[in-house]
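Quick look at protein_33.txt (compact mmCIF, C-alpha atoms):
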# COMPACT_ATOMS: atom_id res chain seq x y z
CA MET A 1262 2.07 23.05 -3.69
CA PHE A 1263 5.20 21.27 -4.85
CA LEU A 1264 5.39 17.51 -5.48
CA ALA A 1265 8.79 15.80 -5.24
CA VAL A 1266 9.16 12.26 -6.54
CA ASP A 1267 12.11 10.07 -5.58
CA ALA A 1268 12.03 6.79 -7.54
CA GLY A 1269 14.59 4.43 -6.06
CA ASN A 1270 15.38 0.80 -6.76
CA SER A 1271 13.11 -0.47 -3.97
CA ASN A 1272 10.65 2.32 -3.21
CA THR A 1273 9.21 5.43 -4.79
CA VAL A 1274 8.62 8.30 -2.38
CA PHE A 1275 6.21 11.17 -3.09
CA GLY A 1276 6.59 14.32 -0.99
CA LEU A 1277 4.01 17.13 -1.00
CA HIS A 1278 5.43 20.47 0.15
CA ASP A 1279 3.29 23.51 0.95
CA HIS A 1280 6.23 25.95 0.59
CA GLN A 1281 6.82 25.80 4.34
CA GLN A 1282 7.14 22.12 5.19
CA TRP A 1283 6.57 18.60 3.91
CA ARG A 1284 2.86 18.25 4.42
CA HIS A 1285 2.66 14.62 3.34
CA VAL A 1286 5.22 11.95 2.46
CA TRP A 1287 3.97 8.75 0.82
CA ARG A 1288 5.92 5.62 -0.06
CA THR A 1289 5.24 2.65 -2.34
CA ARG A 1290 7.24 -0.08 -4.01
CA THR A 1291 8.82 1.05 -7.26
CA LEU A 1292 8.03 -2.02 -9.34
CA LEU A 1293 5.52 -4.81 -8.76
CA GLU A 1294 5.92 -6.49 -12.13
CA GLU A 1295 8.63 -7.37 -14.58
CA PRO A 1296 8.94 -5.47 -17.88
CA MET A 1297 6.80 -6.83 -20.70
CA ALA A 1298 8.46 -8.39 -23.71
CA PHE A 1299 9.92 -5.41 -25.51
CA HIS A 1300 11.01 -7.53 -28.46
CA ILE A 1301 7.34 -8.27 -29.18
CA THR A 1302 6.09 -4.68 -29.06
CA ASP A 1303 9.38 -3.32 -30.36
CA ARG A 1304 9.14 -0.51 -27.79
CA PRO A 1305 12.17 0.75 -25.86
CA VAL A 1306 12.61 0.30 -22.12
CA GLY A 1307 10.87 3.21 -20.43
CA ASP A 1308 8.03 3.45 -22.91
CA ILE A 1309 4.72 3.93 -21.14
CA ALA A 1310 3.25 0.81 -22.76
CA ALA A 1311 5.93 -1.29 -21.09
CA PHE A 1312 4.41 -0.87 -17.64
CA PRO A 1313 0.65 -0.35 -18.01
CA ALA A 1314 -0.07 -1.87 -14.60
CA GLU A 1315 2.54 0.37 -12.97
CA GLN A 1316 1.00 3.45 -14.58
CA ASP A 1317 -2.44 2.49 -13.27
CA ARG A 1318 -1.05 1.73 -9.81
CA TYR A 1319 0.72 5.09 -9.46
CA GLU A 1320 -2.37 6.95 -10.61
CA LYS A 1321 -4.72 5.07 -8.25
CA LEU A 1322 -2.37 5.54 -5.29
CA LEU A 1323 -1.95 9.26 -5.90
CA ARG A 1324 -5.68 9.83 -6.30
CA LEU A 1325 -6.31 7.91 -3.08
CA TRP A 1326 -3.59 9.72 -1.13
CA PHE A 1327 -4.77 13.15 -2.24
CA LEU A 1328 -8.40 12.24 -1.50
CA GLU A 1329 -7.54 10.97 1.99
CA SER A 1330 -5.50 14.12 2.66
CA ALA A 1331 -8.28 16.41 1.40
CA VAL A 1332 -5.87 18.03 -1.06
CA PRO A 1333 -7.23 18.71 -4.57
CA LEU A 1334 -5.03 17.59 -7.46
CA SER A 1335 -5.21 21.14 -8.79
CA ALA A 1336 -3.23 22.36 -5.75
CA VAL A 1337 -0.03 20.96 -7.26
CA GLU A 1338 1.79 23.72 -9.13
CA SER A 1339 5.07 21.98 -9.95
CA VAL A 1340 6.49 18.45 -10.03
CA VAL A 1341 10.12 17.32 -10.01
CA ILE A 1342 11.20 13.70 -10.51
CA SER A 1343 14.43 12.04 -9.44
CA SER A 1344 14.59 8.51 -10.79
CA VAL A 1345 17.38 5.93 -10.78
CA VAL A 1346 15.08 3.37 -12.44
CA PRO A 1347 14.90 4.18 -16.16
CA GLU A 1348 12.09 1.66 -16.69
CA VAL A 1349 9.64 3.78 -14.65
CA THR A 1350 10.84 7.31 -15.39
CA HIS A 1351 8.65 7.77 -18.46
CA THR A 1352 5.69 6.12 -16.76
CA LEU A 1353 5.95 8.48 -13.80
CA ARG A 1354 6.38 11.54 -16.00
CA SER A 1355 3.36 10.69 -18.16
CA THR A 1356 1.16 9.79 -15.17
CA LEU A 1357 2.04 12.95 -13.23
CA MET A 1358 1.62 15.19 -16.26
CA ARG A 1359 -1.86 13.81 -16.86
CA LEU A 1360 -2.92 13.97 -13.20
CA PHE A 1361 -1.67 17.46 -12.39
CA ASN A 1362 -1.66 19.10 -15.81
CA VAL A 1363 1.92 20.31 -15.37
CA GLU A 1364 5.11 19.29 -17.16
CA PRO A 1365 7.31 17.50 -14.62
CA VAL A 1366 11.00 18.34 -14.43
CA VAL A 1367 13.08 15.16 -14.67
CA ILE A 1368 16.41 15.63 -12.91
CA GLY A 1369 19.44 14.82 -15.03
CA PRO A 1370 22.55 16.35 -16.59
CA ALA A 1371 20.47 18.87 -18.56
CA VAL A 1372 19.42 20.66 -15.34
CA TYR A 1373 22.76 20.49 -13.50
CA PRO A 1374 24.16 23.76 -14.97
CA ALA A 1375 21.41 25.61 -13.06
CA LEU A 1376 22.68 24.30 -9.73
CA PRO A 1377 25.25 26.07 -7.53
CA MET A 1378 27.45 22.97 -7.57
CA GLN A 1379 30.21 21.31 -9.52
CA ILE A 1380 29.22 17.75 -10.42
CA LEU A 1381 31.92 15.30 -11.46
CA ARG A 1382 30.84 12.84 -14.17
CA PRO A 1383 27.24 14.13 -14.40
CA TYR A 1384 26.13 11.23 -16.60
CA ALA A 1385 27.42 8.63 -14.13
CA ILE A 1386 26.11 9.86 -10.77
CA GLY A 1387 22.62 9.01 -9.52
CA THR A 1388 20.17 11.89 -9.42
CA ASP A 1389 19.27 11.02 -5.83
CA LEU A 1390 22.89 11.52 -4.83
CA VAL A 1391 22.95 14.91 -6.55
CA ALA A 1392 19.81 15.87 -4.62
CA ASN A 1393 21.41 14.72 -1.35
CA ALA A 1394 24.58 16.67 -2.07
CA LEU A 1395 22.74 19.88 -2.97
CA ALA A 1396 20.54 19.74 0.14
CA ALA A 1397 23.57 19.14 2.37
CA TYR A 1398 25.65 21.85 0.71
CA LEU A 1399 22.93 24.48 1.06
CA ARG A 1400 22.33 23.45 4.68
CA TYR A 1401 25.93 23.41 5.91
CA LYS A 1402 28.27 25.09 3.39
CA GLN A 1403 31.17 22.94 4.61
CA ASN A 1404 32.77 19.60 3.76
CA CYS A 1405 30.14 16.95 4.35
CA VAL A 1406 29.62 13.24 3.70
CA ILE A 1407 26.01 12.14 3.29
CA VAL A 1408 25.42 8.51 4.25
CA ASP A 1409 22.22 7.25 2.63
CA PHE A 1410 20.90 3.97 4.04
CA GLY A 1411 18.82 2.64 1.17
CA THR A 1412 18.84 -0.27 -1.28
CA ALA A 1413 22.47 0.73 -1.69
CA LEU A 1414 24.50 2.24 1.14
CA THR A 1415 25.98 5.38 -0.40
CA PHE A 1416 28.53 7.90 0.83
CA THR A 1417 28.38 11.15 -1.13
CA THR A 1418 30.99 13.77 -0.24
CA VAL A 1419 30.43 17.42 -1.07
CA THR A 1420 32.98 20.14 -0.31
CA GLY A 1421 32.35 23.49 1.34
CA ASP A 1422 32.66 25.24 -2.02
CA GLY A 1423 29.97 23.07 -3.62
CA LYS A 1424 31.93 20.36 -5.41
CA ILE A 1425 30.84 16.73 -5.32
CA ALA A 1426 34.22 15.23 -4.49
CA GLY A 1427 33.24 11.60 -4.87
CA VAL A 1428 30.96 8.72 -3.95
CA ALA A 1429 31.40 5.32 -2.31
CA ILE A 1430 28.73 2.63 -2.76
CA ALA A 1431 28.15 -0.63 -0.89
CA PRO A 1432 25.16 -3.01 -0.88
CA GLY A 1433 22.43 -1.83 1.47
CA LEU A 1434 21.56 -3.75 4.62
CA LYS A 1435 18.47 -5.42 3.14
CA THR A 1436 20.34 -6.12 -0.08
CA ALA A 1437 23.11 -7.88 1.82
CA VAL A 1438 20.71 -10.04 3.82
CA ARG A 1439 18.64 -10.91 0.75
CA SER A 1440 21.81 -11.87 -1.10
CA LEU A 1441 22.64 -14.37 1.64
CA PHE A 1442 19.09 -15.69 1.63
CA SER A 1443 18.92 -15.98 -2.17
CA ASN A 1444 22.34 -17.52 -2.75
CA THR A 1445 22.57 -20.05 0.05
CA ALA A 1446 20.61 -23.24 0.59
CA GLN A 1447 20.09 -23.13 4.35
CA LEU A 1448 20.44 -19.52 5.53
CA PRO A 1449 17.11 -17.84 6.35
CA GLU A 1450 16.08 -14.24 5.73
CA VAL A 1451 16.21 -12.57 9.13
CA PRO A 1452 14.96 -9.28 10.63
CA LEU A 1453 17.48 -6.48 10.61
CA VAL A 1454 18.13 -5.67 14.26
CA LEU A 1455 21.38 -4.97 16.08
CA PRO A 1456 22.19 -7.98 18.31
CA GLU A 1457 23.64 -7.65 21.79
CA SER A 1458 26.64 -9.82 20.99
CA ALA A 1459 28.94 -10.50 18.07
CA LEU A 1460 28.99 -14.16 19.12
CA GLY A 1461 26.01 -15.56 17.27
CA THR A 1462 24.28 -18.39 19.09
CA SER A 1463 21.81 -19.17 16.29
CA THR A 1464 21.77 -18.79 12.53
CA ALA A 1465 19.61 -15.66 12.70
CA HIS A 1466 21.79 -14.17 15.43
CA ALA A 1467 24.93 -14.99 13.43
CA ILE A 1468 23.61 -13.19 10.34
CA GLN A 1469 22.57 -10.17 12.40
CA ALA A 1470 26.00 -10.04 14.02
CA GLY A 1471 27.80 -10.35 10.71
CA VAL A 1472 25.68 -7.97 8.66
CA VAL A 1473 24.35 -5.37 11.10
CA MET A 1474 27.43 -5.17 13.31
CA GLY A 1475 29.63 -5.47 10.24
CA TYR A 1476 27.90 -2.51 8.64
CA GLU A 1477 28.43 -0.49 11.80
CA GLY A 1478 32.16 -0.93 11.27
CA LEU A 1479 31.88 -0.35 7.51
CA VAL A 1480 30.14 3.00 7.98
CA ARG A 1481 32.59 4.21 10.60
CA SER A 1482 35.58 3.05 8.59
CA LEU A 1483 34.50 4.80 5.38
CA ILE A 1484 33.64 8.04 7.20
CA HIS A 1485 37.08 7.93 8.82
CA ARG A 1486 38.82 7.36 5.47
CA ILE A 1487 36.88 10.19 3.82
CA ARG A 1488 37.76 12.55 6.67
CA THR A 1489 41.42 11.52 6.42
CA GLU A 1490 41.48 12.38 2.71
CA LEU A 1491 39.96 15.78 3.54
CA ASN A 1492 42.48 16.38 6.35
CA GLY A 1493 39.91 15.74 9.03
CA ASP A 1494 37.60 18.54 7.95
CA CYS A 1495 34.30 16.80 7.20
CA ILE A 1496 31.02 16.38 9.03
CA ALA A 1497 28.72 13.39 8.47
CA ILE A 1498 24.94 13.36 8.13
CA ALA A 1499 22.58 10.45 7.52
CA THR A 1500 19.40 9.78 5.62
CA GLY A 1501 17.52 6.85 4.10
CA GLY A 1502 14.88 4.37 5.13
CA MET A 1503 17.27 2.00 6.94
CA VAL A 1504 19.07 4.62 9.03
CA SER A 1505 17.38 3.52 12.26
CA VAL A 1506 18.57 -0.10 12.01
CA ILE A 1507 21.93 0.67 13.65
CA PRO A 1508 21.10 3.05 16.53
CA SER A 1509 24.68 2.93 17.80
CA LEU A 1510 25.71 4.98 14.75
CA GLN A 1511 23.50 7.95 15.57
CA ALA A 1512 26.22 9.69 17.56
CA ASP A 1513 28.50 9.55 14.50
CA PHE A 1514 26.27 12.00 12.62
CA VAL A 1515 25.71 15.68 13.30
CA GLU A 1516 22.17 15.24 12.03
CA ILE A 1517 19.82 12.55 10.73
CA ILE A 1518 17.50 13.99 8.07
CA PRO A 1519 14.85 11.52 6.84
CA ASN A 1520 13.65 13.74 3.99
CA LEU A 1521 17.05 14.98 2.80
CA THR A 1522 16.60 13.62 -0.74
CA LEU A 1523 13.19 15.27 -1.03
CA ASP A 1524 14.74 18.52 0.25
CA GLY A 1525 17.32 18.33 -2.51
CA ILE A 1526 14.73 17.57 -5.18
CA ARG A 1527 12.78 20.61 -4.07
CA GLU A 1528 15.89 22.80 -4.14
CA ILE A 1529 16.57 21.65 -7.68
CA GLY A 1530 12.99 22.46 -8.61
CA LEU A 1531 13.41 26.01 -7.32
CA ARG A 1532 16.36 26.54 -9.68
CA VAL A 1533 15.14 25.11 -12.97
Represent the supplied structure as structure tokens.
Amino acid sequence: MFLAVDAGNSNTVFGLHDHQQWRHVWRTRTLLEEPMAFHITDRPVGDIAAFPAEQDRYEKLLRLWFLESAVPLSAVESVVISSVVPEVTHTLRSTLMRLFNVEPVVIGPAVYPALPMQILRPYAIGTDLVANALAAYLRYKQNCVIVDFGTALTFTTVTGDGKIAGVAIAPGLKTAVRSLFSNTAQLPEVPLVLPESALGTSTAHAIQAGVVMGYEGLVRSLIHRIRTELNGDCIAIATGGMVSVIPSLQADFVEIIPNLTLDGIREIGLRV
């Protein structure tokens, strides 16, 4: 079996693939504690000693998940990690190597030459976006913008000949609402649902109208601008944990693929 790990800013997703389909997909928060004082231990960020509790938590969760699924740890033949959180990358790599007795592949610029893609600024683009782009390119082989509804709302455009043309990034839906909640004295944190009206009749309704309806327009506007720059030749697909928050956008995408990032991580693993 193949284990894909997608460590994002909010959640870490583990996908177990049996070479035919994703057999299990598990999700947990990426960080539950702040980094320890590195100036005391004189260890760099990312060192395994910086997050001992995180290491223990990942190991306990994985053992529990595999036990509940009746899958032996020895069934895992290869592991590939995509991480946009440097503080946990080393912890994940060390934990997974010990649990499964395999050397995990950590996605980064060193593996990009093995991919059938041209990646602009390989040291600046997130590995999750590269995974999204590769999965979309192999699936469609045409100009495509991947809209990923996560902690950040990202728009990654890949051309039909396999070139990542560019990326647009905005705060994610939850990030936007939390920013309002954290930086204002009287605005509450509200559930993310699409209201029936743009005329808010309460504080919660007003925030939902401004953020959720506003993001509906943001997504459509950026897709339109990207298509204009590509002379109208560009399909749009969606992924990410928050994709269902704005159901009115579903018709704007040719496909919604919840596990697109995991698909891309697996495709990278097949090539390195």
- Item | Of the listed residues A:Ala1431, A:Leu1491, A:Ile1496, A:Val1408, that which approaches Leu1521 of chain A most closely, counting all atoms listed in the file | A:Val1408
- Message: When you count all atoms listed in the file, which of these residues is closest to Leu1357 of chain A: A:Ile1425, A:Leu1292, A:Leu1325, A:Leu1264?
- Response: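 Under the stated criterion, the closest residue is A:Leu1264.
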- Query: What is the distance, in Å and to one decimal place, between atom CA of Asp1409 of chain A and atom CA of Thr1500 of chain A?
  - Reply: 4.8 Å
- Task: Tell me, as a PyMOL selection string, which residues lie within 9 Å of segment 1485-1490 of chain A, counting all atoms listed in the file; anything in the same chain fewer than 5 positions away does not count.
- Result: chain A and resi 1406+1418+1480+1495-1496
Output for the residues just chosen: C-alpha atoms as a PDB file, keeping the file's coordinate frame:
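Everything below was put into part_13.pdb:
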ATOM      1  CA  VAL A1406      29.620  13.240   3.700  1.00  0.00           C
ATOM      2  CA  THR A1418      30.990  13.770  -0.240  1.00  0.00           C
ATOM      3  CA  VAL A1480      30.140   3.000   7.980  1.00  0.00           C
ATOM      4  CA  CYS A1495      34.300  16.800   7.200  1.00  0.00           C
ATOM      5  CA  ILE A1496      31.020  16.380   9.030  1.00  0.00           C
TER       6      ILE A1496
END
- Near Ala1392 of chain A, counting only C-alpha atoms, which residues have an atom at most 9 Å away, once you skip same-chain residues fewer than 3 positions from it, shown as a ChimeraX atom specification? /A:1343,1368,1387-1389,1395-1397,1521-1529
- Query: In Å, with one decimal, what is the gap from atom CA of Asp1513 of chain A to atom CA of Cys1405 of chain A?
  - Reply: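 Answer for the atom CA of Asp1513 of chain A to atom CA of Cys1405 of chain A separation: 12.7 Å.
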- Item | Residue nearest Pro1347 of chain A - candidates A:Ala1394, A:Val1419, A:Val1533, A:Val1367, atoms counted: all atoms listed in the file | A:Val1367
- Task: Show me as JSON, numbers by chain the residues that reach within 12 Å of (27.4, -16.2, 14.6), counting only C-alpha atoms and using the file's own coordinates.
- Result: {"A": [1448, 1456, 1457, 1458, 1459, 1460, 1461, 1462, 1463, 1464, 1465, 1466, 1467, 1468, 1469, 1470, 1471, 1472, 1473, 1474, 1475]}
- What's the 8 Å shell around segment 1421-1424 of chain A, counting all atoms listed in the file, without same-chain residues fewer than 6 positions away, as a list of chain:residue names?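 With the cut-off at 8 Å, the set is A:Pro1377, A:Met1378, A:Gln1379, A:Ile1380, A:Leu1381, A:Leu1395, A:Tyr1398, A:Tyr1401, A:Lys1402, A:Gln1403, A:Asn1404, A:Cys1405.
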Written file, previous selection with C-alpha atoms, as a PDB file, keeping the file's coordinate frame:
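out10.pdb written:
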ATOM      1  CA  PRO A1377      25.250  26.070  -7.530  1.00  0.00           C
ATOM      2  CA  MET A1378      27.450  22.970  -7.570  1.00  0.00           C
ATOM      3  CA  GLN A1379      30.210  21.310  -9.520  1.00  0.00           C
ATOM      4  CA  ILE A1380      29.220  17.750 -10.420  1.00  0.00           C
ATOM      5  CA  LEU A1381      31.920  15.300 -11.460  1.00  0.00           C
ATOM      6  CA  LEU A1395      22.740  19.880  -2.970  1.00  0.00           C
ATOM      7  CA  TYR A1398      25.650  21.850   0.710  1.00  0.00           C
ATOM      8  CA  TYR A1401      25.930  23.410   5.910  1.00  0.00           C
ATOM      9  CA  LYS A1402      28.270  25.090   3.390  1.00  0.00           C
ATOM     10  CA  GLN A1403      31.170  22.940   4.610  1.00  0.00           C
ATOM     11  CA  ASN A1404      32.770  19.600   3.760  1.00  0.00           C
ATOM     12  CA  CYS A1405      30.140  16.950   4.350  1.00  0.00           C
TER      13      CYS A1405
END
- Query: Looking at A:Leu1531, A:Ala1426, A:Val1266, A:Val1341, which one is nearest to Glu1364 of chain A, with distances taken over all atoms listed in the file?
  - Reply: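 Closest residue, counting all atoms listed in the file: A:Val1341.
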- Message: Can you measure atom CA of Val1506 of chain A to atom CA of Ile1430 of chain A for me? One decimal in Å is fine.
- Response: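 Spanning atom CA of Val1506 of chain A to atom CA of Ile1430 of chain A is a straight-line distance of 18.1 Å.
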Could you give me the axis-aligned bounding box of segment 1344-1354 of chain A, with 3 Å of padding per side, as centre plus edge lengths in Å to one decimal, as AutoDock Vina command-line options?
--center_x 11.5 --center_y 6.6 --center_z -14.6 --size_x 17.7 --size_y 15.9 --size_z 13.7
- Query: With only C-alpha atoms as the atoms that count, which of A:Val1515, A:Glu1348, A:Ala1265, A:Gly1427 lies nearest to Val1366 of chain A?
  - Reply: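 For Val1366 of chain A, the nearest of the given residues is A:Ala1265.
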